[in-house]
Every structure is written in structure tokens, then in C-alpha cells.
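Trainee: This is the structure I want to talk about, given as C-alpha cells.
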Amino acid sequence: MVWLFNYDASNIKINGLSLYTPEQVLVVGGVADEGNLIRTDTSLIEERLLKHLVYIDKVEVKKKYPSGLEINITEAEKASDIEYDGKYYVLSKSGKLLECANSERNENIPVVKGIELKGLNPGDKLETADVMKTKILNQLIELTSELEFNDIVEIDLTDRTNITLNYDNRITIQIGSSVDMDYKLKYIKTVIDERLSDNYRGTLRYNGVNSGISAIPETQEVKTESGSESQAANSQ
């Protein structure tokens, strides 16, 4: 028996697609309707797909002997909308720019303010003028996803020693610097989930490991602005 290891279109399986069509994947990847598995360069197919289809985060092409080809795709997820120079740039959870220079922001993901982008093209990895801000934003995206810390509307990194988040358009979260950010976010999320009412409006300020979190209601903030020095009880 002679094994030719040939495949055709009926033996090509593509998994994980929702944003692209199988036809787009095959054309962009340079996959012929039929071919020989031994001569097929799977690395080249992967490289083409990652380079030209920006909404693909990961791709693995497998030869399924004797006559099959399998393409497994992980698509990118939108994580935030970076506001820069009057335009909006969609960033993925993996830290890649997906859409660039939009005139309107995406209301379904947080808007990021206070960073200066260097790469401005779809497919570029996140790169900012301040390297620390790049690391902080990537860490914030990863942590909020892991913690399922949803309803973050805005991330302000203008002053990276005083990072500020807007939660649900009703709570301003002041976490200070990025030191121990995982601990701070877990702590603050616990306070929001377990100790505050669903209609609480105001500020949560992280004071330190030994000082807890100050919960300053919106009405009390008004008094403070008018000259009355006051602060809500700490949550520890």
C-alpha cells in the first residue's frame, strides 16, 4: 500500500471561529483546497494568519495523518479603549491593538486615559512612552479579568502613583501606585461586593495595609470640598 498523505477541502477542520469565515482563514493562510501534508508548512500558515488577521490571538495548525489538516484558533477579546490624541484605540486582553484611530469610543469596555501610545497600527503590541504605564495597564487588564472585577468604566493612568478607576459610573477608586496591585484590587472588590450597598455613590481610597480603605460618600465629598475636613469610617 502506498501512502500519499494528501488532503482536500473536505478534510480541513477549523475550530474557534466566530469573527472570520473559514474561507478567509484558508485564503489568508495560503492553504490550498488540496495538498500534501508532508510538504505543508504549518509554521508559515500560522505566521500568515497572526500577521494579517489581527483578531486572531493564537493559532495552531496540526497535520492529522493520513489525510487531514486541523486549524485551532483563539480569537482576541476586547479589553479596553485607549483614548489618545482625540482618537480611540481598541486593546485586546493579550495587549495587542485591534482597532485604531476610531472617532467614537466603545461603551462596552473601559476607556483608558493618561497614556501616550507609540505603536498606532492594528496588530501592534501595546507600547507607550512610559514603559511602566505599559506594564501597569497590562497588569490591570489581567487582574480585573481574573477577579471578574466587571463594570470598570474608566482607568486613569495620568499619574501612575495615583491610579484611579471609575466603577459603574458611581464609585471613584483611588488605589495609589501599582505596588501590591493584586492585593489592593482583591481588597477593594471585596468591599464593593460585601460591604457597600448597590446604590452607594462616592469614593473608595486605599490607605495602606494597616489603614484599610476609606469609603467617602458623595454627600460627604461635597462637604469636604466646601472646607469641612471629614472622612468616612475605614473598612478593614
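In the C-alpha cells, each chain is lettered A, B, ... as it comes, each chain's residues begin at 1, and ligands are numbered from 1 in order of appearance.
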Contacts of Leu117 in chain A at 7 Å or less, counting only C-alpha atoms, minus same-chain residues fewer than 4 places along, as a list in words?

Mentor: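 Residues near the query, excluding close chain neighbours: Tyr84, Glu127, Thr128 and Ala129 of chain A.
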
Trainee: Got time to write the residues from that selection, N, CA, C and O atoms, as a CSV table (one decimal), in the first residue's frame?

Mentor:
chain,number,residue,atom,x,y,z
A,84,TYR,N,-6.4,58.5,23.0
A,84,TYR,CA,-5.1,59.1,22.7
A,84,TYR,C,-5.2,60.1,21.5
A,84,TYR,O,-5.7,59.7,20.5
A,127,GLU,N,2.5,49.6,23.4
A,127,GLU,CA,3.8,50.2,23.7
A,127,GLU,C,3.5,51.7,23.9
A,127,GLU,O,2.9,52.4,23.1
A,128,THR,N,3.9,52.2,25.1
A,128,THR,CA,3.7,53.6,25.5
A,128,THR,C,5.0,54.3,25.7
A,128,THR,O,6.1,53.7,25.9
A,129,ALA,N,4.9,55.6,25.8
A,129,ALA,CA,6.1,56.5,26.0
A,129,ALA,C,6.7,56.2,27.4
A,129,ALA,O,7.9,56.3,27.6

Trainee: Run DSSP on the backbone of this structure and report the residues of range 33-165 of chain A it assigns to strand (DSSP E or B), as a count of residues only.

Mentor: 54

Trainee: Please identify all polymer residues within 9 Å of Glu70 in chain A, counting only C-alpha atoms, omitting same-chain residues fewer than 2 positions from it, and present them as a ChimeraX atom specification.

Mentor: /A:11-15,60-64,68,72

Trainee: Keeping only N, CA, C and O atoms, write the selected residues to a file as a PDB file, in the first residue's frame.

Mentor:
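Written file, selection_0.pdb:
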ATOM      1  N   ASN A  11     -11.318  17.569   4.243  1.00  0.00           N
ATOM      2  CA  ASN A  11     -10.557  17.068   5.390  1.00  0.00           C
ATOM      3  C   ASN A  11      -9.843  18.175   6.164  1.00  0.00           C
ATOM      4  O   ASN A  11      -8.956  17.897   6.969  1.00  0.00           O
ATOM      5  N   ILE A  12     -10.249  19.431   5.911  1.00  0.00           N
ATOM      6  CA  ILE A  12      -9.681  20.564   6.659  1.00  0.00           C
ATOM      7  C   ILE A  12     -10.691  20.989   7.719  1.00  0.00           C
ATOM      8  O   ILE A  12     -11.826  21.347   7.402  1.00  0.00           O
ATOM      9  N   LYS A  13     -10.272  20.932   8.976  1.00  0.00           N
ATOM     10  CA  LYS A  13     -11.153  21.296  10.081  1.00  0.00           C
ATOM     11  C   LYS A  13     -10.634  22.563  10.744  1.00  0.00           C
ATOM     12  O   LYS A  13      -9.461  22.670  11.094  1.00  0.00           O
ATOM     13  N   ILE A  14     -11.531  23.560  10.922  1.00  0.00           N
ATOM     14  CA  ILE A  14     -11.154  24.829  11.547  1.00  0.00           C
ATOM     15  C   ILE A  14     -11.999  25.025  12.797  1.00  0.00           C
ATOM     16  O   ILE A  14     -13.226  25.024  12.737  1.00  0.00           O
ATOM     17  N   ASN A  15     -11.347  25.199  13.940  1.00  0.00           N
ATOM     18  CA  ASN A  15     -12.034  25.358  15.230  1.00  0.00           C
ATOM     19  C   ASN A  15     -11.818  26.760  15.804  1.00  0.00           C
ATOM     20  O   ASN A  15     -10.750  27.354  15.622  1.00  0.00           O
ATOM     21  N   GLU A  60      -2.914  27.378  15.949  1.00  0.00           N
ATOM     22  CA  GLU A  60      -2.103  26.159  15.872  1.00  0.00           C
ATOM     23  C   GLU A  60      -2.614  25.319  14.709  1.00  0.00           C
ATOM     24  O   GLU A  60      -3.802  24.987  14.646  1.00  0.00           O
ATOM     25  N   VAL A  61      -1.707  24.994  13.793  1.00  0.00           N
ATOM     26  CA  VAL A  61      -2.061  24.173  12.636  1.00  0.00           C
ATOM     27  C   VAL A  61      -1.454  22.788  12.829  1.00  0.00           C
ATOM     28  O   VAL A  61      -0.245  22.653  13.031  1.00  0.00           O
ATOM     29  N   LYS A  62      -2.302  21.766  12.796  1.00  0.00           N
ATOM     30  CA  LYS A  62      -1.855  20.392  13.021  1.00  0.00           C
ATOM     31  C   LYS A  62      -2.105  19.525  11.785  1.00  0.00           C
ATOM     32  O   LYS A  62      -3.153  19.614  11.148  1.00  0.00           O
ATOM     33  N   LYS A  63      -1.129  18.692  11.507  1.00  0.00           N
ATOM     34  CA  LYS A  63      -1.300  17.689  10.457  1.00  0.00           C
ATOM     35  C   LYS A  63      -1.928  16.451  11.088  1.00  0.00           C
ATOM     36  O   LYS A  63      -1.425  15.939  12.089  1.00  0.00           O
ATOM     37  N   LYS A  64      -3.038  16.011  10.530  1.00  0.00           N
ATOM     38  CA  LYS A  64      -3.742  14.844  11.059  1.00  0.00           C
ATOM     39  C   LYS A  64      -3.606  13.708  10.032  1.00  0.00           C
ATOM     40  O   LYS A  64      -4.420  13.579   9.104  1.00  0.00           O
ATOM     41  N   GLY A  68      -5.604  14.567   6.883  1.00  0.00           N
ATOM     42  CA  GLY A  68      -6.372  15.681   7.444  1.00  0.00           C
ATOM     43  C   GLY A  68      -5.505  16.842   7.899  1.00  0.00           C
ATOM     44  O   GLY A  68      -4.310  16.693   8.169  1.00  0.00           O
ATOM     45  N   ASN A  72      -6.615  25.285  14.753  1.00  0.00           N
ATOM     46  CA  ASN A  72      -7.238  25.711  16.008  1.00  0.00           C
ATOM     47  C   ASN A  72      -6.930  27.177  16.265  1.00  0.00           C
ATOM     48  O   ASN A  72      -5.757  27.567  16.327  1.00  0.00           O
TER      49      ASN A  72
END

Trainee: Which residues come within 12 Å of Glu46 in chain A, counting only C-alpha atoms, excluding same-chain residues fewer than 3 positions away, as a list in words?

Mentor: Val25, Leu26, Val28, Gly29, Gly30, Val31, Thr40, Asp41, Thr42, Ser43, Leu49, Leu50, Lys51, His52, Leu53, Ile56, Asp57, Lys58, Val59, Glu60, Val61, Lys62, Glu70, Ile71, Asn72, Ile73 and Thr74 of chain A

Trainee: DSSP on the backbone: which residues in range 20-202 of chain A end up as alpha helix (DSSP H)? Give the answer as a ChimeraX atom specification.

Mentor: /A:22-29,42-52,131-146,181-194
